[in-house]
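Printed here is run01.txt (compact mmCIF, C-alpha atoms and all ligand atoms):
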# COMPACT_ATOMS: atom_id res chain seq x y z
CA MET A 1401 94.28 170.63 77.64
CA GLU A 1402 91.02 171.76 79.25
CA ASP A 1403 88.65 174.56 78.18
CA LYS A 1404 87.14 177.10 80.62
CA ASN A 1405 84.48 174.62 81.73
CA ASN A 1406 87.18 172.11 82.61
CA ARG A 1407 86.20 169.89 79.71
CA MET A 1408 89.07 168.34 77.86
CA THR A 1409 88.84 169.56 74.27
CA LYS A 1410 88.28 166.50 72.16
CA TYR A 1411 91.27 166.86 69.85
CA PRO A 1412 94.03 168.73 71.61
CA GLY A 1413 96.58 167.16 69.26
CA ASN A 1414 97.16 166.92 65.53
CA GLU A 1415 94.27 164.58 64.69
CA LEU A 1416 92.26 166.96 62.49
CA LYS A 1417 95.34 168.40 60.78
CA TYR A 1418 96.64 164.94 59.89
CA LEU A 1419 93.22 163.71 58.75
CA GLN A 1420 93.00 166.59 56.32
CA LYS A 1421 96.39 165.65 54.91
CA VAL A 1422 95.28 162.05 54.41
CA LEU A 1423 92.14 163.24 52.62
CA SER A 1424 94.15 165.19 50.12
CA ALA A 1425 96.78 162.44 49.65
CA GLU A 1426 96.87 160.02 46.73
CA SER A 1427 96.56 156.82 48.74
CA TRP A 1428 94.23 156.05 51.62
CA SER A 1429 95.53 152.51 51.99
CA ALA A 1430 98.57 151.19 53.80
CA THR A 1431 99.76 149.60 50.54
CA GLY A 1432 100.60 152.95 49.03
CA GLY A 1433 100.46 155.32 51.91
CA SER A 1434 102.97 156.77 54.25
CA TRP A 1435 100.99 157.39 57.47
CA ASN A 1436 101.11 153.71 58.41
CA ASN A 1437 104.78 153.82 57.70
CA ILE A 1438 105.43 156.84 59.92
CA LEU A 1439 103.18 155.46 62.66
CA GLU A 1440 105.02 152.12 62.65
CA ARG A 1441 108.41 153.81 62.77
CA GLU A 1442 107.41 156.12 65.62
CA PHE A 1443 105.65 153.38 67.57
CA ALA A 1444 108.70 151.12 67.33
CA LYS A 1445 110.92 154.01 68.44
CA LYS A 1446 108.68 154.86 71.39
CA LEU A 1447 108.62 151.28 72.65
CA GLY A 1448 112.29 150.63 71.81
CA VAL A 1449 111.96 147.76 69.34
CA LYS A 1450 113.06 147.14 65.76
CA TYR A 1451 109.74 146.43 64.03
CA ALA A 1452 106.14 147.54 64.29
CA VAL A 1453 103.32 146.27 62.07
CA ALA A 1454 100.02 148.18 62.10
CA MET A 1455 96.75 146.26 61.76
CA ASN A 1456 93.05 146.99 61.93
CA SER A 1457 92.37 145.53 65.40
CA GLY A 1458 94.01 144.13 68.50
CA THR A 1459 92.50 140.76 67.63
CA ALA A 1460 93.91 140.73 64.10
CA THR A 1461 97.30 141.40 65.70
CA LEU A 1462 96.92 138.48 68.13
CA HIS A 1463 95.90 136.11 65.34
CA ALA A 1464 98.71 137.25 63.02
CA ALA A 1465 101.25 137.07 65.86
CA LEU A 1466 100.21 133.52 66.76
CA GLU A 1467 100.61 132.38 63.17
CA ALA A 1468 103.85 134.34 62.79
CA VAL A 1469 105.48 132.45 65.67
CA GLY A 1470 104.41 129.19 64.04
CA VAL A 1471 101.23 128.25 65.89
CA GLY A 1472 99.25 125.90 63.68
CA PRO A 1473 96.44 123.33 63.67
CA GLY A 1474 96.24 121.32 66.90
CA ASP A 1475 98.94 123.28 68.75
CA GLU A 1476 98.13 124.44 72.26
CA VAL A 1477 98.23 128.08 73.30
CA ILE A 1478 98.15 128.96 76.99
CA SER A 1479 96.34 132.15 77.95
CA PRO A 1480 94.99 133.48 81.25
CA ALA A 1481 91.48 132.65 82.43
CA PHE A 1482 90.92 136.28 83.41
CA THR A 1483 90.88 138.25 80.17
CA VAL A 1484 88.67 139.18 77.23
CA PHE A 1485 87.46 136.48 74.85
CA MET A 1486 89.71 137.68 72.01
CA ASP A 1487 92.76 135.76 73.24
CA THR A 1488 90.65 132.66 72.82
CA SER A 1489 89.12 133.64 69.46
CA ALA A 1490 92.55 134.51 68.02
CA THR A 1491 93.78 131.09 69.15
CA LEU A 1492 90.79 129.36 67.53
CA HIS A 1493 91.30 131.34 64.32
CA ALA A 1494 94.77 129.81 64.16
CA ASN A 1495 93.10 126.36 64.51
CA ALA A 1496 94.92 125.97 67.79
CA VAL A 1497 93.60 124.78 71.15
CA PRO A 1498 93.09 127.31 73.95
CA VAL A 1499 94.49 126.12 77.29
CA TYR A 1500 93.71 128.24 80.33
CA ALA A 1501 96.04 129.07 83.19
CA ASP A 1502 94.65 130.39 86.45
CA ILE A 1503 95.59 133.79 87.83
CA ASP A 1504 97.32 135.30 90.82
CA PRO A 1505 94.61 136.26 93.34
CA ALA A 1506 96.15 139.69 94.01
CA THR A 1507 97.38 140.96 90.63
CA TRP A 1508 94.73 139.02 88.64
CA ASN A 1509 97.40 138.24 86.06
CA ILE A 1510 98.36 134.83 84.69
CA ASP A 1511 100.06 132.68 87.34
CA PRO A 1512 103.40 131.32 86.05
CA LYS A 1513 103.08 128.31 88.38
CA ASP A 1514 99.86 127.30 86.68
CA VAL A 1515 101.38 127.96 83.26
CA ALA A 1516 104.10 125.45 84.16
CA ARG A 1517 101.42 122.88 85.06
CA LYS A 1518 99.60 123.42 81.75
CA ILE A 1519 102.58 122.93 79.42
CA THR A 1520 102.42 119.75 77.32
CA PRO A 1521 104.39 118.51 74.30
CA LYS A 1522 101.72 120.23 72.14
CA THR A 1523 102.18 123.70 73.68
CA LYS A 1524 103.52 126.23 71.20
CA ALA A 1525 102.87 129.66 72.68
CA ILE A 1526 101.82 131.61 75.76
CA ILE A 1527 99.72 134.76 75.59
CA ALA A 1528 100.75 136.94 78.52
CA VAL A 1529 98.07 139.59 79.02
CA SER A 1530 98.78 142.81 80.96
CA ILE A 1531 95.39 142.92 82.57
CA TYR A 1532 94.00 146.45 83.08
CA GLY A 1533 97.47 147.85 82.28
CA LEU A 1534 99.62 145.83 84.71
CA ALA A 1535 102.20 143.33 83.44
CA PRO A 1536 102.15 139.72 84.58
CA ASP A 1537 105.23 138.24 86.22
CA LEU A 1538 107.10 137.98 82.92
CA ASP A 1539 110.51 136.65 84.05
CA PRO A 1540 109.31 133.17 85.08
CA ILE A 1541 107.09 133.05 82.00
CA MET A 1542 110.06 133.81 79.72
CA GLU A 1543 112.11 131.21 81.59
CA LEU A 1544 109.43 128.55 81.05
CA ALA A 1545 109.22 129.56 77.39
CA SER A 1546 112.92 129.27 76.85
CA LYS A 1547 113.11 125.91 78.65
CA ASN A 1548 110.26 124.49 76.55
CA GLY A 1549 110.90 126.20 73.22
CA LEU A 1550 107.72 128.30 73.35
CA ALA A 1551 106.91 131.73 72.00
CA VAL A 1552 105.53 134.43 74.29
CA ILE A 1553 103.12 136.97 72.89
CA GLU A 1554 102.39 139.89 75.18
CA ASP A 1555 98.80 141.04 74.83
CA ASN A 1556 99.14 144.69 75.73
CA ALA A 1557 95.78 145.84 74.36
CA GLN A 1558 95.06 147.31 77.80
CA SER A 1559 98.49 148.65 78.56
CA MET A 1560 100.82 151.37 77.36
CA LEU A 1561 104.26 152.46 78.56
CA ASN A 1562 104.02 150.45 81.77
CA THR A 1563 107.19 148.81 83.07
CA TYR A 1564 108.25 145.54 84.67
CA LYS A 1565 111.50 145.48 86.66
CA GLY A 1566 112.50 148.70 84.94
CA ARG A 1567 111.94 147.29 81.46
CA MET A 1568 109.35 148.54 78.98
CA VAL A 1569 106.44 146.11 78.80
CA GLY A 1570 106.09 145.02 75.16
CA THR A 1571 109.82 144.44 74.73
CA ILE A 1572 110.06 141.35 76.93
CA GLY A 1573 108.06 138.71 75.02
CA HIS A 1574 108.89 137.59 71.48
CA MET A 1575 106.08 139.72 70.10
CA ALA A 1576 103.60 142.15 71.62
CA SER A 1577 100.13 143.15 70.51
CA TYR A 1578 98.29 146.46 71.01
CA SER A 1579 94.74 147.64 70.36
CA PHE A 1580 93.55 151.08 69.24
CA GLU A 1581 89.87 150.34 69.86
CA ASN A 1582 87.70 153.10 71.25
CA THR A 1583 88.50 152.73 74.95
CA LYS A 1584 92.25 152.21 74.71
CA HIS A 1585 95.13 154.54 75.65
CA LEU A 1586 95.65 155.29 71.94
CA SER A 1587 92.46 155.10 69.92
CA CYS A 1588 91.29 155.61 66.35
CA GLY A 1589 88.04 153.67 66.74
CA GLU A 1590 89.52 150.37 65.61
CA GLY A 1591 93.15 149.42 65.09
CA GLY A 1592 96.12 147.53 66.45
CA MET A 1593 99.88 147.11 66.36
CA ILE A 1594 102.36 144.27 66.64
CA ILE A 1595 105.88 144.94 67.84
CA THR A 1596 108.90 142.64 67.82
CA ASP A 1597 112.67 142.58 67.44
CA ASN A 1598 112.43 139.47 65.26
CA GLU A 1599 112.56 140.27 61.54
CA ALA A 1600 111.10 136.93 60.40
CA TYR A 1601 108.15 137.25 62.80
CA ALA A 1602 107.48 140.83 61.65
CA GLU A 1603 107.63 139.87 57.98
CA THR A 1604 105.34 136.86 58.40
CA ALA A 1605 102.86 138.87 60.48
CA ARG A 1606 102.79 141.57 57.84
CA LYS A 1607 102.16 139.03 55.10
CA ILE A 1608 99.40 137.38 57.12
CA GLY A 1609 97.76 140.77 57.57
CA GLY A 1610 98.46 141.88 54.00
CA HIS A 1611 96.88 139.25 51.75
CA GLY A 1612 100.10 137.26 51.72
CA PHE A 1613 101.79 139.55 49.19
CA LYS A 1614 105.20 138.01 48.64
CA ASN A 1615 107.04 141.32 48.39
CA LEU A 1616 105.98 142.60 51.83
CA ARG A 1617 108.87 143.07 54.24
CA ALA A 1618 109.26 143.43 57.99
CA GLU A 1619 110.01 147.14 57.73
CA GLU A 1620 106.95 148.43 55.90
CA GLY A 1621 103.64 147.68 54.27
CA ARG A 1622 103.97 149.68 51.11
CA ILE A 1623 104.06 147.59 47.99
CA ARG A 1624 107.13 149.18 46.52
CA LEU A 1625 107.62 147.43 43.26
CA ASN A 1626 108.71 148.72 39.98
CA GLN A 1627 105.37 149.24 38.18
CA GLU A 1628 106.53 147.42 35.08
CA VAL A 1629 107.09 144.27 37.12
CA PHE A 1630 103.91 144.58 39.22
CA GLN A 1631 101.66 145.31 36.25
CA ASN A 1632 103.01 142.50 34.09
CA PRO A 1633 100.52 139.61 33.59
CA HIS A 1634 103.25 137.08 34.36
CA TYR A 1635 103.90 138.52 37.79
CA LYS A 1636 102.93 136.22 40.70
CA ARG A 1637 101.94 138.05 43.87
CA HIS A 1638 101.07 135.73 46.76
CA ASP A 1639 103.27 133.29 48.64
CA THR A 1640 101.40 133.17 51.99
CA LEU A 1641 97.77 132.64 52.98
CA GLY A 1642 96.76 135.98 54.43
CA TRP A 1643 93.80 138.11 55.34
CA ASN A 1644 93.28 141.82 54.97
CA TYR A 1645 94.16 143.16 58.41
CA ARG A 1646 95.59 146.45 57.12
CA LEU A 1647 94.96 149.72 58.94
CA SER A 1648 93.61 152.55 56.79
CA GLU A 1649 95.68 155.70 56.46
CA PHE A 1650 92.96 157.71 58.26
CA ASN A 1651 93.22 155.52 61.33
CA ALA A 1652 97.01 155.53 61.21
CA ALA A 1653 97.05 159.34 61.12
CA ILE A 1654 94.79 159.59 64.19
CA VAL A 1655 96.89 157.14 66.21
CA LEU A 1656 100.05 158.99 65.20
CA ALA A 1657 98.58 162.24 66.56
CA GLN A 1658 97.83 160.48 69.84
CA LEU A 1659 101.21 158.78 69.99
CA GLU A 1660 102.74 162.25 69.99
CA ARG A 1661 101.18 162.83 73.42
CA VAL A 1662 101.06 159.28 74.72
CA GLU A 1663 102.85 160.11 77.98
CA GLU A 1664 100.18 162.70 78.80
CA LEU A 1665 97.39 160.23 77.95
CA VAL A 1666 98.88 157.54 80.19
CA LYS A 1667 99.55 160.00 83.01
CA MET A 1668 95.95 161.17 82.93
CA ARG A 1669 94.71 157.61 83.53
CA GLN A 1670 97.25 157.13 86.31
CA GLU A 1671 96.02 160.29 88.03
CA VAL A 1672 92.40 159.21 87.71
CA ALA A 1673 93.32 155.82 89.19
CA ARG A 1674 95.08 157.54 92.09
CA LEU A 1675 91.84 159.41 92.92
CA PHE A 1676 89.84 156.18 92.96
CA LEU A 1677 92.56 154.38 94.92
CA GLU A 1678 92.32 157.09 97.59
CA ALA A 1679 88.54 156.89 97.63
CA ALA A 1680 88.57 153.10 97.95
CA SER A 1681 91.19 153.19 100.72
CA SER A 1682 88.54 154.32 103.23
CA CYS A 1683 86.96 150.84 103.31
CA ASP A 1684 88.14 147.24 103.55
CA TYR A 1685 85.73 145.70 101.06
CA LEU A 1686 87.10 147.32 97.89
CA ILE A 1687 90.46 145.66 97.32
CA PRO A 1688 92.37 147.29 94.44
CA GLN A 1689 94.39 145.25 91.96
CA HIS A 1690 97.76 144.70 93.64
CA VAL A 1691 100.66 146.47 91.93
CA PRO A 1692 103.97 144.75 92.78
CA ALA A 1693 106.84 147.12 93.68
CA GLU A 1694 108.70 146.00 90.55
CA SER A 1695 105.93 147.21 88.20
CA THR A 1696 104.25 150.41 87.07
CA HIS A 1697 100.59 150.37 86.04
CA SER A 1698 99.10 152.20 83.05
CA TYR A 1699 95.47 151.88 84.20
CA PHE A 1700 93.31 151.04 81.23
CA THR A 1701 90.79 150.86 84.03
CA PHE A 1702 90.88 151.00 87.83
CA GLY A 1703 89.92 147.54 89.05
CA ALA A 1704 88.84 146.74 92.59
CA LEU A 1705 87.65 143.44 94.00
CA TYR A 1706 84.34 143.95 95.77
CA ASP A 1707 83.93 141.95 98.95
CA GLY A 1708 80.95 143.88 100.28
CA LEU A 1709 78.45 141.05 100.34
CA GLU A 1710 80.48 139.21 102.99
CA ARG A 1711 81.74 142.27 104.89
CA ILE A 1712 78.77 144.69 104.90
CA GLY A 1713 75.92 142.63 103.46
CA VAL A 1714 75.55 144.70 100.26
CA SER A 1715 75.59 142.85 96.94
CA TRP A 1716 77.72 143.85 93.92
CA GLU A 1717 74.60 144.90 92.03
CA GLU A 1718 73.21 146.91 94.97
CA PHE A 1719 76.51 148.75 95.47
CA ARG A 1720 76.61 149.64 91.77
CA ARG A 1721 72.98 150.83 91.84
CA MET A 1722 73.67 153.13 94.82
CA TYR A 1723 76.86 154.48 93.21
CA VAL A 1724 75.00 155.36 90.00
CA GLU A 1725 72.06 156.86 91.92
CA MET A 1726 74.45 159.16 93.78
CA GLY A 1727 75.96 160.38 90.49
CA GLY A 1728 78.73 157.88 89.83
CA ASP A 1729 79.32 156.39 86.38
CA GLY A 1730 77.96 152.91 85.75
CA PHE A 1731 81.05 150.73 85.95
CA TYR A 1732 81.45 147.37 84.28
CA GLY A 1733 81.94 144.00 85.86
CA ALA A 1734 84.69 141.84 84.40
CA TRP A 1735 84.05 139.70 81.30
CA SER A 1736 83.13 136.09 81.93
CA VAL A 1737 86.08 133.72 82.04
CA PRO A 1738 86.46 132.84 78.32
CA TYR A 1739 85.73 129.13 78.65
CA LEU A 1740 82.31 129.81 80.21
CA GLU A 1741 81.10 131.92 77.27
CA PRO A 1742 78.30 130.17 75.37
CA ILE A 1743 80.45 129.44 72.32
CA MET A 1744 82.79 127.41 74.54
CA VAL A 1745 80.18 125.78 76.79
CA GLU A 1746 78.07 124.81 73.77
CA ARG A 1747 81.28 123.64 72.03
CA LYS A 1748 80.52 125.50 68.81
CA TYR A 1749 84.24 125.59 68.04
CA VAL A 1750 84.24 121.82 67.43
CA LYS A 1751 82.50 122.33 64.08
CA ARG A 1752 85.44 124.41 62.91
CA CYS A 1753 87.68 121.37 62.78
CA PRO A 1754 86.26 118.23 64.45
CA ASP A 1755 89.54 116.32 64.08
CA ILE A 1756 91.25 118.86 66.33
CA TYR A 1757 88.49 119.80 68.76
CA ARG A 1758 86.39 116.63 69.13
CA ASP A 1759 87.78 115.74 72.56
CA ILE A 1760 88.32 119.27 73.87
CA LYS A 1761 85.93 120.31 76.64
CA TYR A 1762 85.89 123.11 79.18
CA GLY A 1763 83.74 123.66 82.22
CA GLU A 1764 83.25 125.35 85.57
CA GLY A 1765 86.02 124.86 88.12
CA LEU A 1766 88.84 124.80 85.56
CA CYS A 1767 90.47 127.97 86.96
CA PRO A 1768 88.85 128.59 90.36
CA VAL A 1769 90.74 131.77 91.28
CA ALA A 1770 89.79 133.49 88.02
CA GLU A 1771 86.18 132.34 88.35
CA ASP A 1772 85.97 133.83 91.86
CA VAL A 1773 87.73 137.12 91.03
CA GLN A 1774 85.72 137.61 87.82
CA LEU A 1775 82.41 137.79 89.68
CA LYS A 1776 83.71 140.29 92.24
CA VAL A 1777 85.71 142.81 90.22
CA MET A 1778 84.45 146.34 89.61
CA GLN A 1779 86.04 148.14 86.67
CA PHE A 1780 85.95 151.88 87.36
CA LYS A 1781 86.44 154.10 84.35
CA ALA A 1782 89.94 155.63 84.08
CA ASN A 1783 89.66 157.37 80.72
CA TYR A 1784 88.07 160.62 81.83
CA ARG A 1785 89.05 163.54 79.66
CA SER A 1786 88.80 165.88 82.62
CA LEU A 1787 90.47 165.40 85.98
CA GLU A 1788 87.80 167.61 87.56
CA LEU A 1789 85.08 165.21 86.44
CA ALA A 1790 87.11 162.23 87.69
CA LYS A 1791 87.42 163.97 91.09
CA GLN A 1792 83.64 164.36 91.26
CA LYS A 1793 83.12 160.68 90.46
CA ALA A 1794 85.75 159.53 92.96
CA SER A 1795 84.12 161.69 95.63
CA VAL A 1796 80.80 159.95 94.92
CA LEU A 1797 82.55 156.67 95.73
CA GLU A 1798 83.95 158.14 98.92
CA ARG A 1799 80.51 159.45 99.99
CA LEU A 1800 78.89 156.09 99.28
CA ILE A 1801 81.46 154.35 101.48
CA VAL A 1802 80.75 156.82 104.33
CA LYS A 1803 76.99 156.39 103.87
CA LEU A 1804 77.29 152.61 104.11
CA LYS A 1805 79.48 152.91 107.20
CA ASN A 1806 76.91 155.13 108.96
CA ARG A 1807 73.87 153.03 108.17
C1 LIG B 1901 93.30 142.26 76.57
C2 LIG B 1901 92.67 142.49 75.22
N1 LIG B 1901 93.10 141.75 74.19
C3 LIG B 1901 92.60 141.92 72.96
C4 LIG B 1901 91.61 142.85 72.71
C5 LIG B 1901 91.06 142.96 71.33
O1 LIG B 1901 91.30 144.20 70.76
P1 LIG B 1901 90.35 144.75 69.60
O2 LIG B 1901 89.06 145.15 70.21
O3 LIG B 1901 91.11 145.92 69.05
O4 LIG B 1901 90.20 143.66 68.60
C6 LIG B 1901 91.14 143.63 73.74
C7 LIG B 1901 90.08 144.64 73.49
O5 LIG B 1901 89.27 144.95 74.29
C8 LIG B 1901 91.68 143.45 75.05
O6 LIG B 1901 91.25 144.17 76.10

Just give me the structure of the file as structure tokens.
Ligand SMILES: Cc1ncc(COP(=O)(O)O)c(C=O)c1O
Amino acid sequence: MEDKNNRMTKYPGNELKYLQKVLSAESWSATGGSWNNILEREFAKKLGVKYAVAMNSGTATLHAALEAVGVGPGDEVISPAFTVFMDTSATLHANAVPVYADIDPATWNIDPKDVARKITPKTKAIIAVSIYGLAPDLDPIMELASKNGLAVIEDNAQSMLNTYKGRMVGTIGHMASYSFENTKHLSCGEGGMIITDNEAYAETARKIGGHGFKNLRAEEGRIRLNQEVFQNPHYKRHDTLGWNYRLSEFNAAIVLAQLERVEELVKMRQEVARLFLEAASSCDYLIPQHVPAESTHSYFTFGALYDGLERIGVSWEEFRRMYVEMGGDGFYGAWSVPYLEPIMVERKYVKRCPDIYRDIKYGEGLCPVAEDVQLKVMQFKANYRSLELAKQKASVLERLIVKLKNR
């Protein structure tokens, strides 16, 4: 919905209405509330799975999912070298060892052939990230997992309602993780969701995120005990070591309001991406992320590999400076490959558990394709609230390309 100045009104959905209801409700916590419950039910229905467990971030979800599938101290978890650091930090929080697989040079997603090379007797799980909203090649990954008895956790923090070979992404791995952080398709500031068809995984994840309360079940996070039992001094509450990863009722209500129009939110990003794709098509040095015919893309961001230094003699930084000067939005480069972040290079993780990490080292050259792509990618914003504004920004890109051609 846009107002007369073509600005998308900030809350075209039920956000404010639902927030008011939460304010006047008795419980603001998932333990007693119903908004988490409704959100989980609706999210599971939308994705087509049996269970959904809401949490307070898309990192909490990754950590809880890893532990739910049985990842423990010293186990190895394979994740792509081209992704955010949180796949690594979630792995370390489970006292497991991050192992990096290189990526496909065209889709920038985890390369199943390299996953196969990285599997050892210690491997327990694979985190398959849908980078920028595009699924990795999940069939061979699931095949490897089944052959080697591994769990696959889809990290769909950047994706929503995208498909792979006609199937809904999120329903293919054993569990899938979502983020509701500020920039995501659905956002309440901070939040996350796990989905799965596996009851035991859902129950364990919920306990891990809910202080390990023994009466928590896969279906919901309310603590629904007879008060006489729960208030009795002899009652024992905890049978699992957990954290508090619960989502507040306020956040759940906001995400629910956005879930009601999720198709529209995804479509908007796809339309923005189409504008930038068109703009980039007028040159040969901006190479968009390749979308295989078998997949649809939900465009958390529009990513293009910049090859301008070699082809037209303009550096990444110079191109960005010119784009911003002409009125474009300052786009981000991609995050460093996780194993070259200071915490990994300086081996600060060893202190966490020297027995496990003493001999683990990472360094440059481990995943050469990811290291090369990471330095070249430009992440153009796809979450404009107004298509008009996105058109203006895409036309800046087009004009910059023409200007550089006519130099
Ligand atoms: C691929 C991916 N995984 C995990 C996360 C972590 O999500 P959160 O910020 O909600 O903890 C993000 C967030 O940026 C992400 O992009």

Review point. Neighbours of ligand LIG 1901 (chain B) within 7 Å, counting all atoms listed in the file, as a list in words?
Key: Ser1457, Gly1458, Thr1459, Ala1460, Thr1483, Val1484, Met1486, Asp1487, Val1529, Ile1531, Asp1555, Asn1556, Ala1557, Gln1558, Ser1579, Phe1580, Glu1581, Glu1590, Gly1591 and Gly1592 of chain A

Check your understanding: In Å, how far is it from CA of Phe1443 in chain A to CA of Met1575 in chain A?
Key ->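 Going from CA of Phe1443 in chain A over to CA of Met1575 in chain A covers 13.9 Å.
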
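When CA of Asp1729 in chain A is paired with CA of Leu1677 in chain A, their separation reads 15.9 Å.
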
Report as CSV: every residue of range 1472-1512 of chain A with an atom at most 7 Å from range 1533-1543 of chain A, its closest pair of atoms, and their distance in Å to one decimal, counting all atoms listed in the file, with rows sorted by chain and ascending residue number.
residue,atom,partner,partner_atom,distance
A:Asn1509,CA,A:Pro1536,CA,5.2
A:Ile1510,CA,A:Pro1536,CA,6.2
A:Pro1512,CA,A:Ile1541,CA,5.7

Return the padded bounding box of range 1527-1544 of chain A as AutoDock Vina command-line options: axis-aligned, built from all atoms listed in the file, 3 Å added on each side, with centre and edge lengths in Å to one decimal.
--center_x 103.1 --center_y 138.2 --center_z 80.9 --size_x 24.1 --size_y 25.3 --size_z 16.6

Point to revise | CA of Arg1720 in chain A to CA of Gly1708 in chain A, distance in Å rounded to a single decimal | key: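 So the answer is 11.2 Å.
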
Exercise for review: For a cut-off of 10 Å around (82.5, 122.4, 75.7), file coordinates, pick out all residues using only C-alpha atoms and list them as a list in words.
Suggested key: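 The residues that fall inside the cut-off are Tyr1739, Leu1740, Glu1741, Pro1742, Ile1743, Met1744, Val1745, Glu1746, Arg1747, Lys1748, Tyr1749, Val1750, Tyr1757, Arg1758, Asp1759, Ile1760, Lys1761, Tyr1762 and Gly1763 of chain A.
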
Check your understanding: For Arg1622 in chain A, which of A:Gly1566, A:Gly1432, A:Pro1412, A:Pro1505 is the closest residue, counting all atoms listed in the file?
Key ->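 Using all atoms listed in the file, the shortest distance to Arg1622 in chain A belongs to A:Gly1432.
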
Point to revise | Which of A:Leu1705, A:Glu1718, A:Arg1799, A:Phe1650 sits closest to Lys1417 in chain A [using all atoms listed in the file] | key: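 The shortest atom-to-atom distance to Lys1417 in chain A comes from A:Phe1650.
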
Output range 1782-1798 of chain A from the block with N, CA and C atoms, as a PDB file, in the first residue's frame?
ATOM      1  N   ALA A1782      17.166  -4.749  -1.522  1.00  0.00           N
ATOM      2  CA  ALA A1782      15.931  -5.187  -2.186  1.00  0.00           C
ATOM      3  C   ALA A1782      14.709  -4.861  -1.344  1.00  0.00           C
ATOM      4  N   ASN A1783      14.916  -4.391  -0.118  1.00  0.00           N
ATOM      5  CA  ASN A1783      13.742  -4.156   0.747  1.00  0.00           C
ATOM      6  C   ASN A1783      13.280  -2.696   0.745  1.00  0.00           C
ATOM      7  N   TYR A1784      13.082  -2.174  -0.476  1.00  0.00           N
ATOM      8  CA  TYR A1784      12.465  -0.850  -0.565  1.00  0.00           C
ATOM      9  C   TYR A1784      10.981  -0.991  -0.242  1.00  0.00           C
ATOM     10  N   ARG A1785      10.447   0.019   0.425  1.00  0.00           N
ATOM     11  CA  ARG A1785       9.012  -0.014   0.707  1.00  0.00           C
ATOM     12  C   ARG A1785       8.222   0.558  -0.466  1.00  0.00           C
ATOM     13  N   SER A1786       8.919   1.243  -1.364  1.00  0.00           N
ATOM     14  CA  SER A1786       8.230   1.830  -2.503  1.00  0.00           C
ATOM     15  C   SER A1786       8.920   1.394  -3.791  1.00  0.00           C
ATOM     16  N   LEU A1787       8.114   0.913  -4.739  1.00  0.00           N
ATOM     17  CA  LEU A1787       8.666   0.469  -6.010  1.00  0.00           C
ATOM     18  C   LEU A1787       9.174   1.670  -6.814  1.00  0.00           C
ATOM     19  N   GLU A1788       8.534   2.813  -6.617  1.00  0.00           N
ATOM     20  CA  GLU A1788       8.937   4.044  -7.301  1.00  0.00           C
ATOM     21  C   GLU A1788      10.375   4.409  -6.926  1.00  0.00           C
ATOM     22  N   LEU A1789      10.644   4.326  -5.612  1.00  0.00           N
ATOM     23  CA  LEU A1789      11.987   4.648  -5.120  1.00  0.00           C
ATOM     24  C   LEU A1789      13.004   3.636  -5.670  1.00  0.00           C
ATOM     25  N   ALA A1790      12.607   2.363  -5.686  1.00  0.00           N
ATOM     26  CA  ALA A1790      13.505   1.329  -6.217  1.00  0.00           C
ATOM     27  C   ALA A1790      13.819   1.606  -7.684  1.00  0.00           C
ATOM     28  N   LYS A1791      12.799   2.072  -8.436  1.00  0.00           N
ATOM     29  CA  LYS A1791      13.012   2.393  -9.867  1.00  0.00           C
ATOM     30  C   LYS A1791      14.052   3.505 -10.007  1.00  0.00           C
ATOM     31  N   GLN A1792      13.914   4.522  -9.142  1.00  0.00           N
ATOM     32  CA  GLN A1792      14.887   5.638  -9.199  1.00  0.00           C
ATOM     33  C   GLN A1792      16.305   5.123  -8.957  1.00  0.00           C
ATOM     34  N   LYS A1793      16.442   4.242  -7.955  1.00  0.00           N
ATOM     35  CA  LYS A1793      17.782   3.757  -7.600  1.00  0.00           C
ATOM     36  C   LYS A1793      18.344   2.851  -8.705  1.00  0.00           C
ATOM     37  N   ALA A1794      17.470   2.034  -9.301  1.00  0.00           N
ATOM     38  CA  ALA A1794      17.924   1.163 -10.387  1.00  0.00           C
ATOM     39  C   ALA A1794      18.331   2.014 -11.595  1.00  0.00           C
ATOM     40  N   SER A1795      17.627   3.124 -11.792  1.00  0.00           N
ATOM     41  CA  SER A1795      17.978   3.966 -12.952  1.00  0.00           C
ATOM     42  C   SER A1795      19.316   4.677 -12.709  1.00  0.00           C
ATOM     43  N   VAL A1796      19.655   4.921 -11.443  1.00  0.00           N
ATOM     44  CA  VAL A1796      20.978   5.480 -11.150  1.00  0.00           C
ATOM     45  C   VAL A1796      22.046   4.476 -11.602  1.00  0.00           C
ATOM     46  N   LEU A1797      21.801   3.212 -11.312  1.00  0.00           N
ATOM     47  CA  LEU A1797      22.763   2.173 -11.707  1.00  0.00           C
ATOM     48  C   LEU A1797      22.906   2.145 -13.229  1.00  0.00           C
ATOM     49  N   GLU A1798      21.769   2.225 -13.903  1.00  0.00           N
ATOM     50  CA  GLU A1798      21.793   2.196 -15.362  1.00  0.00           C
ATOM     51  C   GLU A1798      22.580   3.394 -15.921  1.00  0.00           C
TER      52      GLU A1798
END
